[in-house]
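Chemist: For reference, this is coords.tsv, and it has TSV, C-alpha atoms.
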```tsv
chain	number	residue	atom	x	y	z
A	22	MET	CA	43.84	101.84	129.66
A	23	SER	CA	45.21	102.94	133.01
A	24	THR	CA	48.76	104.14	133.56
A	25	GLY	CA	49.50	101.13	135.77
A	26	VAL	CA	48.54	98.66	133.02
A	27	ILE	CA	50.68	100.50	130.46
A	28	ILE	CA	53.71	100.39	132.80
A	29	ALA	CA	53.12	96.68	133.43
A	30	LEU	CA	52.99	95.98	129.67
A	31	ILE	CA	56.21	97.93	129.12
A	32	ILE	CA	57.94	95.92	131.85
A	33	VAL	CA	56.70	92.61	130.38
A	34	VAL	CA	57.91	93.56	126.88
A	35	ALA	CA	61.30	94.63	128.26
A	36	VAL	CA	61.68	91.34	130.13
A	37	VAL	CA	60.76	89.35	127.00
A	38	VAL	CA	63.29	91.30	124.88
A	39	VAL	CA	66.08	90.80	127.44
A	40	ALA	CA	65.30	87.09	127.77
A	41	ALA	CA	65.32	86.65	123.97
A	42	THR	CA	68.63	88.51	123.70
A	43	LEU	CA	70.25	86.38	126.41
A	44	THR	CA	68.99	83.20	124.74
A	45	LEU	CA	70.45	84.23	121.40
A	46	LEU	CA	73.79	85.08	123.03
A	47	ALA	CA	73.85	81.73	124.82
A	48	ARG	CA	73.24	79.86	121.56
A	49	ARG	CA	75.78	81.93	119.68
A	50	PRO	CA	79.04	80.05	119.02
A	51	PRO	CA	82.00	81.24	121.08
A	52	GLY	CA	84.30	83.74	119.44
A	53	GLY	CA	87.05	86.23	120.10
A	54	ARG	CA	88.78	85.60	123.40
A	55	ALA	CA	87.19	82.19	123.99
A	56	LEU	CA	88.47	80.83	120.68
A	57	ARG	CA	91.88	82.45	121.13
A	58	ARG	CA	92.17	80.85	124.54
A	59	ARG	CA	91.20	77.42	123.25
A	60	PHE	CA	93.21	77.35	120.02
A	61	GLY	CA	96.21	79.50	120.92
A	62	PRO	CA	98.56	79.96	117.92
A	63	GLU	CA	96.14	77.93	115.81
A	64	TYR	CA	93.70	80.85	115.95
A	65	ASP	CA	96.18	83.22	114.27
A	66	ARG	CA	97.18	80.60	111.70
A	67	THR	CA	93.52	80.07	110.78
A	68	VAL	CA	92.96	83.82	110.40
A	69	ALA	CA	96.03	83.97	108.14
A	70	ARG	CA	94.71	81.06	106.04
A	71	HIS	CA	91.48	83.03	105.56
A	72	ASP	CA	93.47	86.09	104.39
A	73	GLY	CA	92.80	88.03	107.59
A	74	ASP	CA	89.04	87.46	107.56
A	75	THR	CA	88.41	86.97	111.30
A	76	GLN	CA	84.74	86.06	110.90
A	77	ALA	CA	85.49	83.35	108.35
A	78	ALA	CA	88.29	81.99	110.54
A	79	GLU	CA	86.04	81.87	113.61
A	80	ARG	CA	83.34	80.06	111.61
A	81	ASP	CA	86.01	77.52	110.63
A	82	LEU	CA	87.17	77.06	114.24
A	83	ASN	CA	83.61	76.84	115.60
A	84	GLU	CA	82.86	74.16	113.03
A	85	ARG	CA	85.85	72.17	114.29
A	86	VAL	CA	84.62	72.49	117.87
A	87	LYS	CA	81.17	71.33	116.78
A	88	ARG	CA	82.61	68.25	115.05
A	89	HIS	CA	85.32	67.26	117.52
A	90	GLY	CA	84.71	69.09	120.80
A	91	ALA	CA	82.94	66.12	122.39
A	92	LEU	CA	85.65	63.66	121.37
A	93	ARG	CA	86.54	61.36	124.27
A	94	VAL	CA	90.27	60.76	124.66
A	95	LEU	CA	90.96	57.05	125.13
A	96	PRO	CA	93.35	55.69	127.75
A	97	LEU	CA	96.75	54.39	126.63
A	98	GLU	CA	97.95	51.04	127.90
A	99	PRO	CA	101.34	51.12	129.70
A	100	ALA	CA	102.84	48.68	127.17
A	101	ALA	CA	101.70	50.90	124.28
A	102	ARG	CA	103.09	54.02	125.98
A	103	GLU	CA	106.42	52.27	126.46
A	104	ARG	CA	106.47	51.24	122.79
A	105	TYR	CA	105.74	54.76	121.56
A	106	ALA	CA	108.34	56.30	123.89
A	107	ALA	CA	110.99	53.85	122.68
A	108	GLY	CA	109.99	54.53	119.06
A	109	TRP	CA	110.42	58.28	119.43
A	110	THR	CA	113.79	57.87	121.15
A	111	ALA	CA	114.93	55.62	118.29
A	112	ALA	CA	113.75	58.22	115.73
A	113	GLN	CA	115.75	60.95	117.47
A	114	GLU	CA	118.87	58.79	117.52
A	115	ARG	CA	118.37	57.90	113.86
A	116	PHE	CA	118.21	61.59	112.95
A	117	VAL	CA	122.01	61.93	113.15
A	118	ASP	CA	122.59	59.57	110.23
A	119	SER	CA	119.29	59.87	108.34
A	120	PRO	CA	117.24	63.02	109.11
A	121	GLN	CA	114.62	62.38	106.44
A	122	ASP	CA	113.94	58.82	107.62
A	123	ALA	CA	113.74	60.03	111.22
A	124	VAL	CA	111.17	62.69	110.31
A	125	ALA	CA	109.11	60.14	108.38
A	126	GLU	CA	109.15	57.85	111.42
A	127	ALA	CA	108.12	60.72	113.72
A	128	ASP	CA	105.22	61.51	111.38
A	129	ARG	CA	104.10	57.87	111.43
A	130	LEU	CA	104.39	57.63	115.22
A	131	LEU	CA	102.33	60.79	115.80
A	132	GLY	CA	99.58	59.62	113.47
A	133	GLU	CA	99.46	56.20	115.10
A	134	LEU	CA	99.58	57.59	118.65
A	135	ALA	CA	96.79	60.10	117.96
A	136	GLY	CA	94.64	57.27	116.56
A	137	ALA	CA	95.30	55.16	119.64
A	138	ARG	CA	94.11	58.05	121.84
A	139	GLY	CA	90.76	58.24	120.06
A	140	PHE	CA	91.41	60.85	117.36
A	141	PRO	CA	90.62	60.01	113.71
A	142	ASP	CA	93.07	57.56	112.16
A	143	GLY	CA	96.26	58.80	110.54
A	144	ASP	CA	94.92	57.70	107.13
A	145	ARG	CA	92.52	60.66	107.45
A	146	TYR	CA	95.26	63.18	108.09
A	147	GLU	CA	93.25	66.40	107.55
A	148	GLU	CA	90.43	65.19	109.79
A	149	GLN	CA	92.94	64.04	112.40
A	150	VAL	CA	94.72	67.40	112.46
A	151	SER	CA	91.36	69.19	112.66
A	152	ALA	CA	90.43	67.16	115.76
A	153	LEU	CA	93.87	67.59	117.30
A	154	SER	CA	93.66	71.35	116.83
A	155	VAL	CA	90.51	71.46	118.99
A	156	HIS	CA	92.17	69.64	121.89
A	157	HIS	CA	95.85	70.53	121.32
A	158	GLY	CA	95.71	73.84	119.46
A	159	HIS	CA	98.89	75.07	121.12
A	160	HIS	CA	100.97	72.13	119.83
A	161	VAL	CA	99.37	70.74	116.66
A	162	HIS	CA	101.51	72.79	114.25
A	163	GLY	CA	104.58	70.66	114.96
A	164	TYR	CA	102.70	67.67	113.53
A	165	ARG	CA	101.96	69.65	110.39
A	166	ARG	CA	105.64	70.55	109.97
A	167	VAL	CA	106.79	66.95	110.38
A	168	HIS	CA	104.09	65.69	108.02
A	169	ARG	CA	105.05	68.20	105.32
A	170	ALA	CA	108.72	67.27	105.72
A	171	ALA	CA	107.87	63.57	105.44
A	172	LEU	CA	105.88	64.22	102.24
A	173	ALA	CA	108.76	66.27	100.84
A	174	GLY	CA	111.06	63.28	101.32
A	175	THR	CA	108.78	61.11	99.19
A	176	GLY	CA	108.27	63.77	96.52
A	177	GLY	CA	104.67	64.33	97.64
A	178	ASP	CA	105.12	67.99	98.54
A	179	ARG	CA	105.39	70.68	95.87
A	180	ASP	CA	107.30	72.97	98.25
A	181	GLY	CA	110.42	70.83	98.02
A	182	GLY	CA	112.62	69.46	100.77
A	183	ALA	CA	113.91	71.10	103.92
A	184	ASP	CA	117.46	71.37	105.18
A	185	THR	CA	118.68	69.43	108.20
A	186	GLU	CA	118.16	72.24	110.70
A	187	GLN	CA	114.60	72.78	109.52
A	188	LEU	CA	113.94	69.07	109.95
A	189	ARG	CA	115.44	69.18	113.44
A	190	GLU	CA	113.24	72.16	114.40
A	191	ALA	CA	110.17	70.35	113.03
A	192	MET	CA	110.89	67.29	115.16
A	193	LEU	CA	111.49	69.41	118.25
A	194	GLU	CA	108.16	71.19	117.77
A	195	ALA	CA	106.39	67.89	117.08
A	196	ARG	CA	107.85	66.49	120.31
A	197	ASP	CA	105.61	68.91	122.25
A	198	LEU	CA	102.47	67.31	120.79
A	199	PHE	CA	103.93	63.84	121.27
A	200	ASP	CA	104.54	64.54	124.97
A	201	HIS	CA	100.99	65.84	125.47
A	202	LEU	CA	99.50	62.79	123.75
A	203	MET	CA	101.67	60.57	125.95
A	204	THR	CA	100.63	62.30	129.19
A	205	PRO	CA	98.55	59.85	131.25
A	206	ASP	CA	94.97	60.77	132.06
A	207	ARG	CA	93.28	59.86	135.31
A	208	GLN	CA	91.78	56.70	133.84
A	209	ASP	CA	95.04	55.27	132.50
A	210	ALA	CA	97.45	56.06	135.36
A	211	SER	CA	98.53	52.75	136.89
A	212	PRO	CA	98.57	52.72	140.74
A	213	GLY	CA	101.84	50.82	140.95
A	214	ARG	CA	103.73	53.19	138.65
A	215	ALA	CA	106.81	54.80	140.20
A	216	ARG	CA	106.66	58.57	140.39
A	217	GLY	CA	109.29	60.46	138.44
A	218	THR	CA	109.71	57.86	135.68
A	219	ASP	CA	107.89	57.19	132.43
A	220	ASP	CA	106.89	53.76	131.13
A	221	ALA	CA	110.05	53.43	129.07
A	222	GLY	CA	112.07	53.43	132.32
A	223	GLU	CA	113.68	56.79	131.60
A	224	SER	CA	113.66	59.31	134.44
A	225	GLN	CA	111.84	62.56	133.76
A	226	ALA	CA	115.00	64.44	134.68
A	227	ALA	CA	116.89	62.64	131.90
A	228	ARG	CA	114.39	63.50	129.15
A	229	PRO	CA	115.22	67.23	128.88
A	230	GLU	CA	118.90	66.32	128.53
A	231	ARG	CA	118.08	63.86	125.73
A	232	THR	CA	116.02	66.53	123.94
A	233	ARG	CA	118.75	69.14	124.50
A	234	ARG	CA	121.33	66.83	122.91
A	235	PHE	CA	119.01	66.24	119.96
A	236	ALA	CA	118.58	70.00	119.47
A	237	LEU	CA	122.34	70.44	119.01
A	238	THR	CA	123.86	70.21	115.55
A	239	LYS	CA	126.06	67.22	114.75
A	240	ASP	CA	129.24	69.34	115.05
A	241	ALA	CA	128.11	70.75	118.41
A	242	ARG	CA	127.42	67.25	119.72
A	243	ARG	CA	130.82	66.06	118.50
A	244	THR	CA	132.55	69.03	120.18
A	245	GLU	CA	130.66	68.48	123.42
A	246	SER	CA	131.49	64.75	123.43
A	247	ALA	CA	135.17	65.49	122.76
A	248	GLY	CA	135.23	67.98	125.63
A	249	THR	CA	133.62	65.45	127.97
A	250	ALA	CA	136.13	62.77	126.97
A	251	LYS	CA	139.05	65.20	127.41
A	252	GLY	CA	137.77	66.09	130.88
A	253	SER	CA	137.60	62.41	131.81
A	254	GLU	CA	141.15	61.81	130.54
A	255	ASP	CA	142.47	64.78	132.53
A	256	ALA	CA	140.79	63.49	135.67
A	257	GLU	CA	142.26	60.03	135.10
A	258	ASP	CA	145.75	61.49	134.58
A	259	THR	CA	145.41	63.43	137.81
A	260	ARG	CA	144.48	60.28	139.69
A	261	THR	CA	147.34	58.22	138.21
A	262	SER	CA	150.00	60.89	138.65
A	263	ALA	CA	149.08	61.64	142.25
A	264	PRO	CA	151.85	60.54	144.66
A	265	ASP	CA	151.19	57.65	147.00
A	266	THR	CA	150.99	59.27	150.40
A	267	ARG	CA	150.26	56.09	152.34
A	268	SER	CA	152.67	55.41	155.20
A	269	HIS	CA	155.02	52.43	154.71
A	270	LEU	CA	154.10	50.63	157.87
A	271	PRO	CA	155.47	47.21	158.87
A	272	TRP	CA	152.13	45.50	158.17
A	273	SER	CA	152.30	46.70	154.57
A	274	PHE	CA	154.98	44.10	153.76
A	275	THR	CA	154.05	41.53	151.20
A	276	GLY	CA	153.67	37.90	152.15
A	277	ARG	CA	156.97	36.98	150.46
A	278	GLN	CA	158.82	39.72	152.38
A	279	ALA	CA	157.31	38.54	155.63
A	280	LYS	CA	158.24	34.94	154.91
A	281	GLY	CA	161.85	35.82	154.09
A	282	SER	CA	162.29	37.87	157.24
```
The structure given in the file should be rewritten as structure tokens.
Modeler:
Amino acid sequence: MSTGVIIALIIVVAVVVVAATLTLLARRPPGGRALRRRFGPEYDRTVARHDGDTQAAERDLNERVKRHGALRVLPLEPAARERYAAGWTAAQERFVDSPQDAVAEADRLLGELAGARGFPDGDRYEEQVSALSVHHGHHVHGYRRVHRAALAGTGGDRDGGADTEQLREAMLEARDLFDHLMTPDRQDASPGRARGTDDAGESQAARPERTRRFALTKDARRTESAGTAKGSEDAEDTRTSAPDTRSHLPWSFTGRQAKGS
């Protein structure tokens, strides 16, 4: 066998080995940085649930991607978006008087909204959260917190109940997922919709203020409201006590004065 033939065979074998290696790498499920980028905080939580076993956690996450990665998010009708937005606002307002009921309502709304957007129904909570983690890994944990708090209120959670501030924090974190599920996609954006407002008629600029007020404790809200009212009263007193600087001109006489003159 000539030297040229041997070199040619070596080159062919090398090419075959490289091609086989590249094929195996292409078929290999994504890991490391790719999974961290996709799942965000959910990646670290999954590793923690597997007692620090990164390989087991990545197998878990890859299995989720395999099951739910091709899920098609459904459009949300404007009327449905308006109903969900109004429902969440009502839950936040209800929190002041009944935090546990508000959290239960938030849990129900999230499960129903996720189902409407094409994720598994809320009756299959674990499967729904698994699918949500694939597409909303950076925000799904808020749903878990609200769901656990809702179960605690019905005695269905062995960990016991949470205090009011923990419930408030859970609802604030869950609001992030709610907002992402409510965000219109290209296929469900109506052409006649006014920019800068959502379907509930609330301006986007007003929503952060509503959330900020919700994040305050009841005492802080009461103090802030009292300060606002005091400021309004002071402004009113200033207006009423200001001297009348208008000139008393002849045409300022009343009709009776003019008639008697």
Chemist: Quick one: everything within 12 Å of Arg88 of chain A, counting all atoms listed in the file, minus sequence neighbours fewer than 6 positions away in the same chain. Send it as a ChimeraX atom specification.
Modeler: /A:81-82,140-141,148-149,151-156
Chemist: Measuring between only C-alpha atoms, which one of A:Glu194, A:Glu63, A:Ala77, A:Arg58 shows the shortest distance to Val150 of chain A?
Modeler: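 Under the stated criterion, the closest residue is A:Glu63.
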Chemist: Quote the spacing between atom CA of Gly158 of chain A and atom CA of Leu56 of chain A in Å to one decimal place.
Modeler: 10.1 Å
Chemist: Between A:Gly136, A:Pro205, A:Asp144, A:His159, which one has atoms that come closest to Glu103 of chain A, using all atoms listed in the file?
Modeler: A:Pro205
Chemist: Using all atoms listed in the file, which of A:Ile31, A:Ala171, A:Ala78, A:Ala69 sits nearest Asp128 of chain A?
Modeler: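 That would be A:Ala171, the residue with the smallest distance to Asp128 of chain A.
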Chemist: Work out how far atom CA of Gly143 of chain A is from atom CA of Arg57 of chain A, in Å to one decimal.
Modeler: 26.3 Å
Chemist: In Å, with one decimal, what is the gap from atom CA of Arg165 of chain A to atom CA of Arg54 of chain A?
Modeler: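 Between atom CA of Arg165 of chain A and atom CA of Arg54 of chain A the gap works out to 24.4 Å.
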Chemist: When you look at Arg138 of chain A with a cut-off of 8 Å (counting all atoms listed in the file), what residues show up, excluding the ones that are within fewer than 4 positions of it in the same chain? I need them as number ranges by chain.
Modeler: A: 94-97, 134, 202
Chemist: Measuring atom to atom with all atoms listed in the file, identify which of A:Arg189, A:His160, A:Arg102, A:Arg66 is nearest to Ser119 of chain A.
Modeler: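 Ranked by minimum distance to Ser119 of chain A, first place goes to A:Arg189.
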Chemist: Select, from A:Val86, A:Ala111, A:Arg169, A:Ala55, the residue with the minimum atom-to-atom distance to Gln187 of chain A, counting only C-alpha atoms.
Modeler: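 Closest candidate: A:Arg169.
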Chemist: Could you check which of A:Ala137, A:Ala112, A:Val124, A:Ala35 is closest to Asp184 of chain A, using all atoms listed in the file?
Modeler: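 Among the listed residues, A:Val124 lies closest to Asp184 of chain A.
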